[in-house]
$ cat input-v3.pdb   # PDB, C-alpha atoms
ATOM      1  CA  MET A   1    -129.511  75.078  70.731
ATOM      2  CA  PRO A   2    -126.375  75.028  68.615
ATOM      3  CA  HIS A   3    -126.968  74.527  64.927
ATOM      4  CA  VAL A   4    -124.577  71.561  64.708
ATOM      5  CA  LEU A   5    -126.433  69.778  67.509
ATOM      6  CA  ILE A   6    -129.786  70.277  65.770
ATOM      7  CA  ILE A   7    -128.393  68.864  62.537
ATOM      8  CA  THR A   8    -126.875  65.886  64.364
ATOM      9  CA  LEU A   9    -130.153  65.179  66.171
ATOM     10  CA  ARG A  10    -132.048  65.362  62.876
ATOM     11  CA  ARG A  11    -129.626  62.934  61.270
ATOM     12  CA  LEU A  12    -130.031  60.596  64.234
ATOM     13  CA  ALA A  13    -133.806  60.860  63.921
ATOM     14  CA  PHE A  14    -133.552  60.009  60.211
ATOM     15  CA  LEU A  15    -131.333  57.045  61.007
ATOM     16  CA  SER A  16    -133.694  55.908  63.772
ATOM     17  CA  ALA A  17    -136.666  56.025  61.405
ATOM     18  CA  PHE A  18    -134.784  53.791  58.970
ATOM     19  CA  VAL A  19    -133.616  51.359  61.664
ATOM     20  CA  LEU A  20    -137.098  51.255  63.194
ATOM     21  CA  GLY A  21    -138.535  50.381  59.793
ATOM     22  CA  ALA A  22    -135.948  47.656  59.250
ATOM     23  CA  LEU A  23    -136.583  46.137  62.685
ATOM     24  CA  SER A  24    -140.360  46.522  62.708
ATOM     25  CA  PRO A  25    -141.017  42.966  61.389
ATOM     26  CA  ILE A  26    -139.035  41.553  64.333
ATOM     27  CA  PHE A  27    -140.685  43.921  66.820
ATOM     28  CA  SER A  28    -144.183  43.071  65.631
ATOM     29  CA  GLN A  29    -143.457  39.338  65.809
ATOM     30  CA  LEU A  30    -142.064  39.685  69.329
ATOM     31  CA  LEU A  31    -144.995  41.807  70.391
ATOM     32  CA  LEU A  32    -147.555  39.351  69.075
ATOM     33  CA  SER A  33    -145.837  36.356  70.616
ATOM     34  CA  SER A  34    -145.142  37.898  74.004
ATOM     35  CA  ALA A  35    -148.279  39.934  74.623
ATOM     36  CA  PHE A  36    -150.194  38.490  77.540
ATOM     37  CA  PRO A  37    -148.406  35.139  77.538
ATOM     38  CA  SER A  38    -150.167  32.507  79.523
ATOM     39  CA  ARG A  39    -148.284  29.338  80.436
ATOM     40  CA  ARG A  40    -149.205  26.557  82.804
ATOM     41  CA  GLU A  41    -146.793  23.807  83.738
ATOM     42  CA  ILE A  42    -148.515  20.444  83.338
ATOM     43  CA  VAL A  43    -145.801  17.958  84.139
ATOM     44  CA  ARG A  44    -142.070  18.000  84.859
ATOM     45  CA  VAL A  45    -139.965  14.878  84.372
ATOM     46  CA  ALA A  46    -136.380  14.782  85.628
ATOM     47  CA  SER A  47    -133.680  13.038  83.616
ATOM     48  CA  PRO A  48    -132.251   9.834  85.176
ATOM     49  CA  ASP A  49    -129.085  11.665  86.244
ATOM     50  CA  LYS A  50    -131.142  14.593  87.661
ATOM     51  CA  ARG A  51    -129.225  17.120  85.584
ATOM     52  CA  GLU A  52    -132.153  18.247  83.417
ATOM     53  CA  ASP A  53    -135.918  18.450  83.568
ATOM     54  CA  ALA A  54    -138.309  18.097  80.657
ATOM     55  CA  VAL A  55    -141.285  20.371  81.217
ATOM     56  CA  LEU A  56    -144.617  20.042  79.468
ATOM     57  CA  VAL A  57    -146.461  23.343  79.312
ATOM     58  CA  ARG A  58    -149.853  24.455  78.107
ATOM     59  CA  ALA A  59    -149.704  27.894  76.629
ATOM     60  CA  ARG A  60    -151.680  30.504  74.804
ATOM     61  CA  ALA A  61    -149.356  31.684  72.088
ATOM     62  CA  SER A  62    -150.456  35.310  72.021
ATOM     63  CA  ALA A  63    -153.212  37.710  72.847
ATOM     64  CA  LEU A  64    -154.602  37.299  69.348
ATOM     65  CA  SER A  65    -154.580  33.520  69.401
ATOM     66  CA  ARG A  66    -157.385  31.606  71.029
ATOM     67  CA  GLU A  67    -155.801  28.239  70.324
ATOM     68  CA  ARG A  68    -153.847  26.632  73.120
ATOM     69  CA  HIS A  69    -150.389  25.318  72.381
ATOM     70  CA  TRP A  70    -148.489  22.533  74.013
ATOM     71  CA  GLU A  71    -144.816  23.235  74.528
ATOM     72  CA  VAL A  72    -141.925  21.169  75.843
ATOM     73  CA  PHE A  73    -138.916  22.813  77.447
ATOM     74  CA  VAL A  74    -135.658  21.318  78.634
ATOM     75  CA  VAL A  75    -134.197  23.157  81.606
ATOM     76  CA  ARG A  76    -131.581  22.542  84.267
ATOM     77  CA  HIS A  77    -132.981  20.401  87.082
ATOM     78  CA  GLN A  78    -135.589  22.266  89.137
ATOM     79  CA  MET A  79    -134.996  25.527  87.283
ATOM     80  CA  PRO A  80    -137.914  27.627  85.973
ATOM     81  CA  ILE A  81    -138.627  27.869  82.252
ATOM     82  CA  GLY A  82    -137.889  31.579  82.305
ATOM     83  CA  GLN A  83    -137.104  32.963  78.865
ATOM     84  CA  SER A  84    -135.851  29.669  77.413
ATOM     85  CA  SER A  85    -137.051  28.506  74.016
ATOM     86  CA  PRO A  86    -139.227  25.425  73.610
ATOM     87  CA  VAL A  87    -137.901  22.327  71.838
ATOM     88  CA  PHE A  88    -141.412  21.280  70.804
ATOM     89  CA  VAL A  89    -144.502  23.308  69.962
ATOM     90  CA  ALA A  90    -147.750  21.706  68.872
ATOM     91  CA  THR A  91    -151.477  22.199  68.797
ATOM     92  CA  ARG A  92    -154.339  19.708  69.035
ATOM     93  CA  VAL A  93    -152.231  17.325  71.050
ATOM     94  CA  ALA A  94    -153.723  14.132  72.420
ATOM     95  CA  ASP A  95    -152.078  12.046  75.134
ATOM     96  CA  PRO A  96    -148.724  13.858  75.442
ATOM     97  CA  ARG A  97    -145.990  11.927  77.267
ATOM     98  CA  LEU A  98    -142.421  12.724  78.285
ATOM     99  CA  ALA A  99    -139.882   9.985  78.936
ATOM    100  CA  TRP A 100    -136.134   9.737  79.378
ATOM    101  CA  PRO A 101    -134.938   6.415  77.894
ATOM    102  CA  ASP A 102    -131.416   7.655  78.603
ATOM    103  CA  ALA A 103    -129.899  10.502  80.608
ATOM    104  CA  ARG A 104    -129.096  12.310  77.344
ATOM    105  CA  LEU A 105    -132.206  11.291  75.378
ATOM    106  CA  LEU A 106    -135.669  12.774  75.800
ATOM    107  CA  GLN A 107    -138.650  11.177  74.094
ATOM    108  CA  ILE A 108    -141.793  13.198  73.371
ATOM    109  CA  GLY A 109    -144.705  10.871  72.812
ATOM    110  CA  PHE A 110    -148.208  11.743  71.664
ATOM    111  CA  GLY A 111    -151.311  10.122  70.305
ATOM    112  CA  ARG A 112    -152.075  12.966  67.947
ATOM    113  CA  ALA A 113    -150.408  16.316  67.336
ATOM    114  CA  ARG A 114    -150.034  19.094  64.829
ATOM    115  CA  VAL A 115    -146.345  19.806  65.366
ATOM    116  CA  SER A 116    -145.426  23.328  64.340
ATOM    117  CA  TYR A 117    -141.889  23.344  65.716
ATOM    118  CA  PHE A 118    -139.474  20.665  66.818
ATOM    119  CA  THR A 119    -135.733  20.610  67.280
ATOM    120  CA  SER A 120    -133.861  17.387  67.953
ATOM    121  CA  ALA A 121    -131.152  18.809  70.184
ATOM    122  CA  TRP A 122    -130.939  21.013  73.229
ATOM    123  CA  SER A 123    -127.918  22.515  74.904
ATOM    124  CA  PRO A 124    -127.747  24.804  77.944
ATOM    125  CA  SER A 125    -125.260  27.047  76.152
ATOM    126  CA  ALA A 126    -125.755  28.694  72.787
ATOM    127  CA  SER A 127    -122.455  27.336  71.484
ATOM    128  CA  GLY A 128    -123.503  23.758  72.200
ATOM    129  CA  GLU A 129    -120.255  23.068  73.981
ATOM    130  CA  ALA A 130    -121.770  22.038  77.282
ATOM    131  CA  ALA A 131    -123.744  18.900  78.062
ATOM    132  CA  ALA A 132    -126.509  18.442  75.540
ATOM    133  CA  VAL A 133    -129.701  16.436  75.219
ATOM    134  CA  GLU A 134    -131.062  14.742  72.128
ATOM    135  CA  ILE A 135    -134.810  14.778  71.617
ATOM    136  CA  ARG A 136    -136.973  12.500  69.508
ATOM    137  CA  LEU A 137    -140.636  12.313  68.649
ATOM    138  CA  LYS A 138    -142.558   9.146  69.395
ATOM    139  CA  PRO A 139    -146.018   9.181  67.804
ATOM    140  CA  ALA A 140    -148.276   6.365  68.965
ATOM    141  CA  GLU A 141    -149.381   5.326  65.487
ATOM    142  CA  ASN A 142    -147.343   4.181  62.510
ATOM    143  CA  GLY A 143    -149.684   5.848  60.026
ATOM    144  CA  PHE A 144    -151.143   9.341  60.232
ATOM    145  CA  THR A 145    -150.744  10.991  63.598
ATOM    146  CA  TYR A 146    -152.592  14.182  62.712
ATOM    147  CA  LEU A 147    -154.437  13.863  59.422
ATOM    148  CA  VAL A 148    -157.588  11.801  59.278
ATOM    149  CA  ALA A 149    -157.746   9.390  56.362
ATOM    150  CA  GLY A 150    -160.621   9.863  53.909
ATOM    151  CA  ALA A 151    -163.563   7.465  53.794
ATOM    152  CA  GLY A 152    -162.878   6.042  50.331
ATOM    153  CA  PRO A 153    -159.685   5.041  48.541
ATOM    154  CA  ASP A 154    -159.754   8.243  46.482
ATOM    155  CA  ALA A 155    -160.721  10.542  49.356
ATOM    156  CA  ILE A 156    -157.914  12.733  50.567
ATOM    157  CA  ALA A 157    -156.833  12.840  54.193
ATOM    158  CA  GLN A 158    -157.744  16.052  56.013
ATOM    159  CA  PRO A 159    -156.933  17.665  59.358
ATOM    160  CA  PRO A 160    -159.419  16.721  62.082
ATOM    161  CA  LYS A 161    -162.455  19.001  62.417
TER
ATOM    162  CA  MET B 162    -125.896  81.575  42.351
ATOM    163  CA  THR B 163    -127.274  84.335  40.138
ATOM    164  CA  ARG B 164    -129.278  83.630  37.004
ATOM    165  CA  SER B 165    -126.166  84.242  34.924
ATOM    166  CA  GLY B 166    -124.311  81.579  36.895
ATOM    167  CA  ALA B 167    -122.007  83.932  38.785
ATOM    168  CA  ARG B 168    -121.622  83.268  42.507
ATOM    169  CA  ARG B 169    -123.457  85.895  44.579
ATOM    170  CA  PRO B 170    -121.220  87.380  47.242
ATOM    171  CA  VAL B 171    -122.309  86.981  50.803
ATOM    172  CA  GLY B 172    -122.990  90.383  52.195
ATOM    173  CA  ARG B 173    -122.345  91.666  55.637
ATOM    174  CA  GLY B 174    -124.999  90.682  58.141
ATOM    175  CA  GLU B 175    -126.153  87.645  56.097
ATOM    176  CA  PRO B 176    -125.570  84.243  57.696
ATOM    177  CA  ALA B 177    -122.836  82.190  56.106
ATOM    178  CA  PRO B 178    -124.028  79.074  54.195
ATOM    179  CA  ARG B 179    -123.879  75.902  56.281
ATOM    180  CA  SER B 180    -123.509  72.278  55.395
ATOM    181  CA  GLY B 181    -126.932  71.225  56.779
ATOM    182  CA  SER B 182    -130.353  72.858  56.819
ATOM    183  CA  ALA B 183    -131.918  73.873  60.107
ATOM    184  CA  ALA B 184    -135.414  73.740  58.608
ATOM    185  CA  LYS B 185    -137.555  71.063  60.239
ATOM    186  CA  PRO B 186    -138.014  68.127  57.819
ATOM    187  CA  PRO B 187    -141.625  67.196  57.101
ATOM    188  CA  PHE B 188    -143.192  64.093  58.658
ATOM    189  CA  ILE B 189    -143.302  62.452  55.241
ATOM    190  CA  ALA B 190    -139.478  62.365  55.256
ATOM    191  CA  TYR B 191    -139.441  60.243  58.423
ATOM    192  CA  ALA B 192    -142.270  58.056  57.145
ATOM    193  CA  SER B 193    -140.391  57.503  53.869
ATOM    194  CA  LEU B 194    -137.273  56.478  55.756
ATOM    195  CA  PHE B 195    -139.318  54.105  57.922
ATOM    196  CA  LEU B 196    -140.749  52.507  54.786
ATOM    197  CA  LEU B 197    -137.288  52.388  53.249
ATOM    198  CA  GLY B 198    -136.085  50.497  56.332
ATOM    199  CA  LEU B 199    -139.013  48.094  56.020
ATOM    200  CA  LEU B 200    -138.181  47.543  52.358
ATOM    201  CA  ALA B 201    -134.521  46.989  53.251
ATOM    202  CA  ALA B 202    -135.552  44.281  55.741
ATOM    203  CA  ALA B 203    -137.700  42.594  53.083
ATOM    204  CA  ALA B 204    -134.886  42.861  50.557
ATOM    205  CA  GLY B 205    -132.466  41.383  53.090
ATOM    206  CA  GLN B 206    -134.787  38.422  53.659
ATOM    207  CA  THR B 207    -135.183  37.902  49.904
ATOM    208  CA  PHE B 208    -131.417  38.071  49.454
ATOM    209  CA  ARG B 209    -130.938  35.538  52.255
ATOM    210  CA  GLU B 210    -133.393  33.153  50.581
ATOM    211  CA  TYR B 211    -131.655  33.692  47.248
ATOM    212  CA  VAL B 212    -128.249  32.852  48.760
ATOM    213  CA  THR B 213    -129.725  29.778  50.479
ATOM    214  CA  GLN B 214    -131.259  28.624  47.199
ATOM    215  CA  TRP B 215    -128.035  29.280  45.286
ATOM    216  CA  ASN B 216    -125.953  27.474  47.902
ATOM    217  CA  GLN B 217    -127.950  24.239  47.989
ATOM    218  CA  ARG B 218    -127.732  21.164  45.836
ATOM    219  CA  GLU B 219    -130.242  18.366  45.517
ATOM    220  CA  LEU B 220    -129.181  15.129  47.175
ATOM    221  CA  ALA B 221    -132.424  13.144  46.948
ATOM    222  CA  ARG B 222    -135.770  13.600  45.198
ATOM    223  CA  VAL B 223    -138.630  11.132  45.585
ATOM    224  CA  THR B 224    -141.991  11.546  43.850
ATOM    225  CA  SER B 225    -145.242  10.806  45.672
ATOM    226  CA  PRO B 226    -147.330   7.799  44.560
ATOM    227  CA  ASP B 227    -149.921  10.058  42.867
ATOM    228  CA  GLN B 228    -147.143  11.902  40.954
ATOM    229  CA  ARG B 229    -148.234  15.259  42.365
ATOM    230  CA  LEU B 230    -145.405  16.079  44.743
ATOM    231  CA  ASP B 231    -141.681  15.651  45.179
ATOM    232  CA  ALA B 232    -139.899  15.303  48.489
ATOM    233  CA  VAL B 233    -136.492  16.877  47.995
ATOM    234  CA  PHE B 234    -133.556  16.768  50.376
ATOM    235  CA  VAL B 235    -130.863  19.377  49.772
ATOM    236  CA  GLY B 236    -127.426  19.941  51.233
ATOM    237  CA  PRO B 237    -125.229  23.040  51.220
ATOM    238  CA  ILE B 238    -122.568  23.548  48.548
ATOM    239  CA  TRP B 239    -120.507  25.794  50.818
ATOM    240  CA  ARG B 240    -120.961  24.506  54.335
ATOM    241  CA  TYR B 241    -120.280  27.779  56.131
ATOM    242  CA  LEU B 242    -122.428  29.946  53.874
ATOM    243  CA  GLY B 243    -126.076  30.237  54.843
ATOM    244  CA  ALA B 244    -128.211  27.413  56.131
ATOM    245  CA  GLY B 245    -127.418  23.699  56.220
ATOM    246  CA  SER B 246    -129.423  20.810  54.807
ATOM    247  CA  ALA B 247    -133.182  20.974  54.339
ATOM    248  CA  LEU B 248    -136.172  18.923  53.306
ATOM    249  CA  TYR B 249    -138.786  20.419  50.998
ATOM    250  CA  VAL B 250    -142.087  19.152  49.676
ATOM    251  CA  ILE B 251    -142.817  20.800  46.331
ATOM    252  CA  PRO B 252    -145.007  20.272  43.290
ATOM    253  CA  LYS B 253    -143.476  17.576  41.080
ATOM    254  CA  GLY B 254    -140.598  18.842  38.951
ATOM    255  CA  ASP B 255    -140.379  22.284  40.552
ATOM    256  CA  PRO B 256    -136.981  23.688  41.536
ATOM    257  CA  THR B 257    -136.219  23.731  45.251
ATOM    258  CA  PRO B 258    -136.963  27.051  46.958
ATOM    259  CA  GLY B 259    -134.768  28.782  49.544
ATOM    260  CA  ALA B 260    -137.394  28.856  52.287
ATOM    261  CA  GLY B 261    -140.456  27.040  53.554
ATOM    262  CA  GLY B 262    -138.892  23.651  54.164
ATOM    263  CA  VAL B 263    -140.322  20.871  56.317
ATOM    264  CA  PHE B 264    -137.164  21.102  58.419
ATOM    265  CA  ARG B 265    -133.615  22.372  58.355
ATOM    266  CA  GLY B 266    -130.832  20.079  59.398
ATOM    267  CA  THR B 267    -127.151  19.814  60.110
ATOM    268  CA  ARG B 268    -124.597  17.025  60.345
ATOM    269  CA  PHE B 269    -126.321  14.704  57.894
ATOM    270  CA  GLN B 270    -123.557  12.366  56.747
ATOM    271  CA  SER B 271    -125.761  11.003  53.970
ATOM    272  CA  PRO B 272    -129.194  11.962  52.630
ATOM    273  CA  PRO B 273    -132.074  10.493  54.631
ATOM    274  CA  GLU B 274    -134.210   7.772  53.115
ATOM    275  CA  LEU B 275    -137.412   9.429  51.889
ATOM    276  CA  SER B 276    -140.340   7.078  51.668
ATOM    277  CA  TRP B 277    -143.944   7.868  50.724
ATOM    278  CA  LYS B 278    -146.082   5.499  52.830
ATOM    279  CA  ASN B 279    -149.084   6.747  50.918
ATOM    280  CA  ARG B 280    -149.718   9.830  48.787
ATOM    281  CA  GLN B 281    -150.079  12.058  51.847
ATOM    282  CA  LEU B 282    -147.674  10.487  54.313
ATOM    283  CA  LEU B 283    -143.942  10.979  53.963
ATOM    284  CA  GLU B 284    -141.497   9.137  56.189
ATOM    285  CA  VAL B 285    -137.952  10.384  56.728
ATOM    286  CA  ARG B 286    -135.496   7.729  57.926
ATOM    287  CA  TYR B 287    -132.007   8.793  58.899
ATOM    288  CA  ARG B 288    -129.062   7.440  60.833
ATOM    289  CA  ALA B 289    -127.234  10.703  61.552
ATOM    290  CA  GLY B 290    -128.331  14.309  61.562
ATOM    291  CA  CYS B 291    -129.744  17.104  63.696
ATOM    292  CA  ILE B 292    -133.217  18.414  62.925
ATOM    293  CA  ASP B 293    -134.441  21.941  63.510
ATOM    294  CA  GLY B 294    -137.639  23.787  62.695
ATOM    295  CA  PHE B 295    -139.538  20.591  61.914
ATOM    296  CA  SER B 296    -143.232  20.790  61.134
ATOM    297  CA  ASN B 297    -145.222  17.602  60.601
ATOM    298  CA  LEU B 298    -147.847  19.106  58.312
ATOM    299  CA  TRP B 299    -147.286  20.550  54.857
ATOM    300  CA  SER B 300    -149.683  22.303  52.520
ATOM    301  CA  SER B 301    -149.268  24.793  49.735
ATOM    302  CA  SER B 302    -151.553  27.186  47.925
ATOM    303  CA  GLU B 303    -150.037  25.807  44.709
ATOM    304  CA  VAL B 304    -151.471  22.339  45.335
ATOM    305  CA  GLY B 305    -155.201  21.762  45.769
ATOM    306  CA  ASP B 306    -155.781  25.417  46.712
ATOM    307  CA  GLY B 307    -154.015  24.810  50.011
ATOM    308  CA  GLU B 308    -156.456  22.055  50.959
ATOM    309  CA  TYR B 309    -154.105  19.193  50.085
ATOM    310  CA  TYR B 310    -152.023  18.159  53.069
ATOM    311  CA  VAL B 311    -148.977  15.992  53.559
ATOM    312  CA  GLU B 312    -148.005  14.624  56.943
ATOM    313  CA  VAL B 313    -144.329  14.050  57.578
ATOM    314  CA  ARG B 314    -142.912  11.735  60.214
ATOM    315  CA  LEU B 315    -139.351  11.349  61.407
ATOM    316  CA  GLU B 316    -137.876   7.890  61.883
ATOM    317  CA  PRO B 317    -134.380   8.099  63.372
ATOM    318  CA  LEU B 318    -132.639   4.762  62.880
ATOM    319  CA  SER B 319    -130.465   5.022  65.958
ATOM    320  CA  ALA B 320    -131.077   6.340  69.456
ATOM    321  CA  PHE B 321    -128.630   9.200  69.011
ATOM    322  CA  THR B 322    -128.485  10.818  65.589
ATOM    323  CA  CYS B 323    -127.235  14.237  66.636
ATOM    324  CA  LEU B 324    -125.061  14.042  69.744
ATOM    325  CA  THR B 325    -121.422  13.187  69.156
ATOM    326  CA  ASN B 326    -120.703  11.450  72.416
ATOM    327  CA  PRO B 327    -123.968  10.545  74.121
ATOM    328  CA  ALA B 328    -122.457   7.956  76.457
ATOM    329  CA  SER B 329    -120.507  10.704  78.161
ATOM    330  CA  THR B 330    -122.185  13.142  80.510
ATOM    331  CA  ASP B 331    -120.469  15.850  78.477
ATOM    332  CA  ALA B 332    -122.175  14.926  75.232
ATOM    333  CA  ASP B 333    -121.936  17.853  72.883
ATOM    334  CA  LEU B 334    -123.244  19.248  69.644
ATOM    335  CA  THR B 335    -120.021  20.692  68.356
ATOM    336  CA  GLY B 336    -119.234  17.862  65.987
ATOM    337  CA  LYS B 337    -115.637  17.518  67.101
TER
END

$ encode --input "input-v3.pdb" --output "structure tokens"
Amino acid sequence: MPHVLIITLRRLAFLSAFVLGALSPIFSQLLLSSAFPSRREIVRVASPDKREDAVLVRARASALSRERHWEVFVVRHQMPIGQSSPVFVATRVADPRLAWPDARLLQIGFGRARVSYFTSAWSPSASGEAAAVEIRLKPAENGFTYLVAGAGPDAIAQPPK
Amino acid sequence: MTRSGARRPVGRGEPAPRSGSAAKPPFIAYASLFLLGLLAAAAGQTFREYVTQWNQRELARVTSPDQRLDAVFVGPIWRYLGAGSALYVIPKGDPTPGAGGVFRGTRFQSPPELSWKNRQLLEVRYRAGCIDGFSNLWSSSEVGDGEYYVEVRLEPLSAFTCLTNPASTDADLTGK
């Protein structure tokens, strides 16, 4: 093999090692989140104008996680979730509900939830230039919706056991 | 080079010096570069947080009833540099960090109304603004060894706080 080619390949290998190191946090996160994904569609509610669907999904976040997540996706009417990103991710959810008070407004209701991710807007295009949907959370209670208040006035509220 | 510093002439039959070495580099060289890449990624993240912290100014700070925590809403100094607005819960009096907020937001025309319903329940009321990356539970190892929790709830004061033209079927998020 020509000497120049060997040197070039070595330099590329060096560069690859550096790039691989720099990207390894992203790779490991992707690997953990996408390994053996398990999603089950629970309910699908179409918007009043039938342009979008809100989809409630039960999911296992990763192979390493035993806890089940609840996720909400907004997709084009009757389209699969595919690789789209959820607008709502929560654990320990009680009584989840999806409602469309308006064609452009999705309401995610719940009795109890530990919300780990929520975004208040969804758009079918990354630039946000196409028709969009606003999303809001509607917890059932006015007080705590996840923490459980302590027994006494000085007791601190804690997550449910 | 000879010991005396004079350049040794290349004799006939000897290979001419080349710009790169053909010797195989040891594995440790690749491993070091991998680690260097990892460190560069960490440094990049730290730099990003530093820029975010530098580019944000406090717009509202409300102390919890037990005087332990502050809820702090920040907005960007330079709108197009780094992240937008954010809400943080931090130990009382601490400076706002560049990461770990309760949410990040955009298009807030004014700071939201931050209201502690009790020492562990924070309510965020706002008329305009888009929320992203919201989490309704906060805890920190700096407060109560991570066993002290704060629940956060969002109270939008109008049906549409983010969309610019919700009545239209072409409602958008571009803020035009």

$ atom_distance --input "input-v3.pdb" --atom1 "CA of Gly143 in chain A" --atom2 "CA of Asp227 in chain B"
17.7 Å

$ resolve_selection --input "input-v3.pdb" --expression "the PyMOL selection byres ((chain A) within 6 of (chain B))" --output "PyMOL selection string"
chain A and resi 17-19+21-22+115-120+128-129+131-132

$ residues_around --input "input-v3.pdb" --residues "Arg114 in chain A" --least-positions-apart "5" --cutoff "6 Å" --atoms "all atoms listed in the file" --output "list in words"
Ala90, Thr91 and Tyr146 of chain A

$ atom_distance --input "input-v3.pdb" --atom1 "CA of Thr145 in chain A" --atom2 "CA of Ser225 in chain B"
18.8 Å

$ resolve_selection --input "input-v3.pdb" --expression "the PyMOL selection byres ((chain B and resi 249-259) around 7)" --output "list in words"
Glu210, Tyr211, Thr213, Gln214, Thr224, Gln228, Arg229, Leu230, Asp231, Ala232, Val233, Phe234, Ala247, Leu248, Ala260, Gly262 and Val263 of chain B

$ atom_distance --input "input-v3.pdb" --atom1 "CA of Gln158 in chain A" --atom2 "CA of Gly261 in chain B"
20.6 Å

$ closest_residue --input "input-v3.pdb" --among "A:Leu15, A:Leu31, A:Leu20, A:Ala113" --to "Lys138 in chain A" --atoms "all atoms listed in the file"
A:Ala113

$ resolve_selection --input "input-v3.pdb" --expression "the PyMOL selection byres ((chain A and resi 161) around 12)" --output "list in words"
Arg92, Tyr146, Leu147, Val148, Ala157, Gln158, Pro159 and Pro160 of chain A

$ residues_around --input "input-v3.pdb" --residues "Val235 in chain B" --least-positions-apart "2" --cutoff "6 Å" --atoms "all atoms listed in the file" --output "list in words"
Gln217, Arg218, Glu219, Leu220, Ser246 and Ala247 of chain B

$ write_last_selection --input "input-v3.pdb" --atoms "C-alpha atoms" --output "short mmCIF file (atom, residue, chain, number, x, y, z; two decimals), keeping the file's coordinate frame"
data_model
loop_
_atom_site.label_atom_id
_atom_site.label_comp_id
_atom_site.auth_asym_id
_atom_site.auth_seq_id
_atom_site.Cartn_x
_atom_site.Cartn_y
_atom_site.Cartn_z
CA GLN B 217 -127.95 24.24 47.99
CA ARG B 218 -127.73 21.16 45.84
CA GLU B 219 -130.24 18.37 45.52
CA LEU B 220 -129.18 15.13 47.18
CA SER B 246 -129.42 20.81 54.81
CA ALA B 247 -133.18 20.97 54.34
#

$ axis_aligned_box --input "input-v3.pdb" --around "range 239-244 of chain B" --padding-each-side "8 Å" --output "AutoDock Vina command-line options"
--center_x -124.2 --center_y 27.4 --center_z 53.5 --size_x 23.9 --size_y 21.7 --size_z 21.3

$ residues_around --input "input-v3.pdb" --residues "range 69-71 of chain A" --least-positions-apart "6" --cutoff "9 Å" --atoms "all atoms listed in the file" --output "PyMOL selection string"
chain A and resi 55-61+86-93+96

$ closest_residue --input "input-v3.pdb" --among "A:Glu52, A:Asp95, A:Asp102, A:Glu67" --to "Met79 in chain A" --atoms "only C-alpha atoms"
A:Glu52

$ decode --input "input-v3.pdb" --residues "range 66-79 of chain A" --atoms "N, CA and C atoms" --output "compact mmCIF listing (two decimals), in the first residue's frame"
# COMPACT_ATOMS: atom_id res chain seq x y z
N ARG A 66 -37.26 -0.32 34.26
CA ARG A 66 -38.42 -1.18 34.49
C ARG A 66 -39.69 -0.36 34.58
N GLU A 67 -39.52 0.95 34.83
CA GLU A 67 -40.69 1.80 35.02
C GLU A 67 -41.35 2.11 33.68
N ARG A 68 -42.65 2.05 33.68
CA ARG A 68 -43.41 2.37 32.47
C ARG A 68 -43.69 3.86 32.41
N HIS A 69 -43.55 4.40 31.22
CA HIS A 69 -43.82 5.81 31.00
C HIS A 69 -45.15 5.96 30.27
N TRP A 70 -45.74 7.11 30.45
CA TRP A 70 -46.88 7.49 29.64
C TRP A 70 -46.39 8.60 28.72
N GLU A 71 -46.71 8.49 27.46
CA GLU A 71 -46.29 9.53 26.51
C GLU A 71 -47.49 9.98 25.70
N VAL A 72 -47.47 11.25 25.32
CA VAL A 72 -48.50 11.77 24.41
C VAL A 72 -47.80 12.29 23.16
N PHE A 73 -48.31 11.87 22.02
CA PHE A 73 -47.78 12.33 20.73
C PHE A 73 -48.89 13.08 20.00
N VAL A 74 -48.49 14.04 19.21
CA VAL A 74 -49.42 14.66 18.25
C VAL A 74 -48.91 14.28 16.87
N VAL A 75 -49.80 13.70 16.08
CA VAL A 75 -49.43 13.28 14.73
C VAL A 75 -50.52 13.72 13.76
N ARG A 76 -50.20 13.71 12.49
CA ARG A 76 -51.20 13.96 11.46
C ARG A 76 -52.27 12.88 11.56
N HIS A 77 -53.50 13.24 11.25
CA HIS A 77 -54.65 12.35 11.42
C HIS A 77 -54.39 10.96 10.81
N GLN A 78 -54.57 9.96 11.65
CA GLN A 78 -54.45 8.55 11.28
C GLN A 78 -53.03 8.12 10.88
N MET A 79 -52.05 8.94 11.19
CA MET A 79 -50.67 8.57 10.89
C MET A 79 -50.06 7.85 12.09
